[in-house]
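Below is one structure, written out as structure tokens; comments come after it.
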Amino acid sequence: MKISTALDRTLKILAILALSTMISLVFFNAILRYFFDSGIAWSEEFARICFVYMIFLGIILVAKERGHLTVDIVVSALPAKAQMYLLFFADILVLVALSFITYGAYQLMLLTYTQKMPATGISSAFLYLAAIISAVSYFAVVFTNLWEHIRLAFVK
């Protein structure tokens, strides 16, 4: 099994686990509040953490499959060589944006690592770690795609 396949499978399992945990916690907490007038104090906070990680793990998975929504009406009307240059430029812009996201999330982690979430006691920086993991992984995916495009363009 290739490392890429193992990482994809691991990401999918973690995203499914986060979704299942989030749904279970919210459902059981609603049942407890409705029927027993009590609830699990930390469940809403932990469900929020699961939601954040599910979203950011999903971003990585969709990036690997190139499934993000695109509007390519202008690009598809251009000649092949112009499309190639435009895709290079778009990938460079994505890499720059991901660099800013990574830096910003890192700065937020530094600001909030001492702050604890009230119900779970988990550091608030843990939420921003998801953004860093996602942005760095997305950067690697886009950089790999860009490198492949460059290699194919100049090997001809």
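Ordering of the structure tokens sets the chain letters (A, B, ...), residue numbers begin anew at 1 in every chain, and ligands are numbered from 1 in the order given.
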Nearby residues (only C-alpha atoms) at most 10 Å from Met84 (chain A), same-chain spacing under 3 positions excluded, as a VMD selection string: chain A and resid 75 78 to 81 87 to 90 149 to 150 153
Preceding selection exported with N, CA, C and O atoms as a PDB file, in the first residue's frame:
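Output file out35.pdb follows:
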ATOM      1  N   VAL A  75     -11.276  30.125 -18.514  1.00  0.00           N
ATOM      2  CA  VAL A  75     -10.088  29.309 -18.766  1.00  0.00           C
ATOM      3  C   VAL A  75     -10.334  28.335 -19.914  1.00  0.00           C
ATOM      4  O   VAL A  75      -9.475  28.143 -20.774  1.00  0.00           O
ATOM      5  N   LEU A  78      -9.825  29.650 -23.491  1.00  0.00           N
ATOM      6  CA  LEU A  78      -8.478  30.047 -23.903  1.00  0.00           C
ATOM      7  C   LEU A  78      -7.754  28.901 -24.609  1.00  0.00           C
ATOM      8  O   LEU A  78      -8.098  27.730 -24.418  1.00  0.00           O
ATOM      9  N   PRO A  79      -6.718  29.237 -25.387  1.00  0.00           N
ATOM     10  CA  PRO A  79      -5.892  28.172 -25.985  1.00  0.00           C
ATOM     11  C   PRO A  79      -5.131  27.402 -24.897  1.00  0.00           C
ATOM     12  O   PRO A  79      -4.963  27.881 -23.771  1.00  0.00           O
ATOM     13  N   ALA A  80      -4.673  26.210 -25.243  1.00  0.00           N
ATOM     14  CA  ALA A  80      -4.045  25.301 -24.273  1.00  0.00           C
ATOM     15  C   ALA A  80      -2.839  25.931 -23.578  1.00  0.00           C
ATOM     16  O   ALA A  80      -2.658  25.777 -22.369  1.00  0.00           O
ATOM     17  N   LYS A  81      -2.015  26.638 -24.331  1.00  0.00           N
ATOM     18  CA  LYS A  81      -0.817  27.248 -23.730  1.00  0.00           C
ATOM     19  C   LYS A  81      -1.201  28.336 -22.725  1.00  0.00           C
ATOM     20  O   LYS A  81      -0.605  28.431 -21.645  1.00  0.00           O
ATOM     21  N   LEU A  87      -3.102  28.418 -15.148  1.00  0.00           N
ATOM     22  CA  LEU A  87      -3.119  27.446 -14.054  1.00  0.00           C
ATOM     23  C   LEU A  87      -1.858  27.563 -13.192  1.00  0.00           C
ATOM     24  O   LEU A  87      -1.927  27.427 -11.965  1.00  0.00           O
ATOM     25  N   PHE A  88      -0.713  27.821 -13.827  1.00  0.00           N
ATOM     26  CA  PHE A  88       0.508  28.069 -13.049  1.00  0.00           C
ATOM     27  C   PHE A  88       0.317  29.270 -12.130  1.00  0.00           C
ATOM     28  O   PHE A  88       0.644  29.225 -10.942  1.00  0.00           O
ATOM     29  N   PHE A  89      -0.201  30.345 -12.701  1.00  0.00           N
ATOM     30  CA  PHE A  89      -0.416  31.567 -11.937  1.00  0.00           C
ATOM     31  C   PHE A  89      -1.404  31.333 -10.792  1.00  0.00           C
ATOM     32  O   PHE A  89      -1.182  31.787  -9.660  1.00  0.00           O
ATOM     33  N   ALA A  90      -2.477  30.604 -11.077  1.00  0.00           N
ATOM     34  CA  ALA A  90      -3.473  30.308 -10.038  1.00  0.00           C
ATOM     35  C   ALA A  90      -2.862  29.472  -8.914  1.00  0.00           C
ATOM     36  O   ALA A  90      -3.111  29.726  -7.728  1.00  0.00           O
ATOM     37  N   HIS A 149       2.958  19.767 -13.191  1.00  0.00           N
ATOM     38  CA  HIS A 149       2.631  20.568 -14.377  1.00  0.00           C
ATOM     39  C   HIS A 149       3.900  21.152 -15.015  1.00  0.00           C
ATOM     40  O   HIS A 149       4.039  21.153 -16.243  1.00  0.00           O
ATOM     41  N   ILE A 150       4.796  21.643 -14.199  1.00  0.00           N
ATOM     42  CA  ILE A 150       6.052  22.204 -14.717  1.00  0.00           C
ATOM     43  C   ILE A 150       6.875  21.121 -15.395  1.00  0.00           C
ATOM     44  O   ILE A 150       7.407  21.312 -16.487  1.00  0.00           O
ATOM     45  N   ALA A 153       5.301  20.260 -18.675  1.00  0.00           N
ATOM     46  CA  ALA A 153       5.393  21.356 -19.654  1.00  0.00           C
ATOM     47  C   ALA A 153       6.771  21.443 -20.283  1.00  0.00           C
ATOM     48  O   ALA A 153       6.896  21.794 -21.459  1.00  0.00           O
TER      49      ALA A 153
END
Nearby residues (only C-alpha atoms) at most 8 Å from Ala47 (chain A), same-chain spacing under 4 positions excluded, as a VMD selection string: chain A and resid 21 to 23 25 to 26 43 51
With region 128-145 of chain A as the partner and 12 Å as the cut-off, tabulate the residues of region 63-123 of chain A that qualify, each row holding the nearest pair of atoms and their distance in Å to one decimal, using only C-alpha atoms, sorted by chain and rising number, as a tab-separated table.
residue	atom	partner	partner_atom	distance
A:Ala63	CA	A:Tyr138	CA	6.5
A:Lys64	CA	A:Val141	CA	6.2
A:Glu65	CA	A:Val141	CA	9.7
A:Arg66	CA	A:Val141	CA	9.5
A:His68	CA	A:Tyr138	CA	11.7
A:Leu87	CA	A:Asn145	CA	10.3
A:Phe88	CA	A:Asn145	CA	9.7
A:Phe89	CA	A:Val142	CA	11.9
A:Ala90	CA	A:Val142	CA	10.1
A:Asp91	CA	A:Val142	CA	6.6
A:Ile92	CA	A:Phe143	CA	8.5
A:Leu93	CA	A:Val142	CA	10.4
A:Val94	CA	A:Val142	CA	7.7
A:Leu95	CA	A:Phe139	CA	5.9
A:Val96	CA	A:Phe139	CA	9.1
A:Ala97	CA	A:Ala135	CA	9.2
A:Leu98	CA	A:Ala135	CA	5.6
A:Ser99	CA	A:Ala135	CA	7.6
A:Phe100	CA	A:Ala135	CA	9.3
A:Ile101	CA	A:Ala135	CA	6.7
A:Thr102	CA	A:Ile132	CA	5.2
A:Tyr103	CA	A:Ile132	CA	8.2
A:Gly104	CA	A:Ile132	CA	8.9
A:Ala105	CA	A:Tyr128	CA	5.6
A:Tyr106	CA	A:Ile132	CA	6.8
A:Gln107	CA	A:Tyr128	CA	9.2
A:Leu108	CA	A:Tyr128	CA	6.8
A:Met109	CA	A:Tyr128	CA	5.8
A:Leu110	CA	A:Tyr128	CA	9.6
A:Leu111	CA	A:Tyr128	CA	10.4
A:Thr112	CA	A:Tyr128	CA	9.0
A:Tyr113	CA	A:Tyr128	CA	9.6
A:Ser123	CA	A:Tyr128	CA	9.9
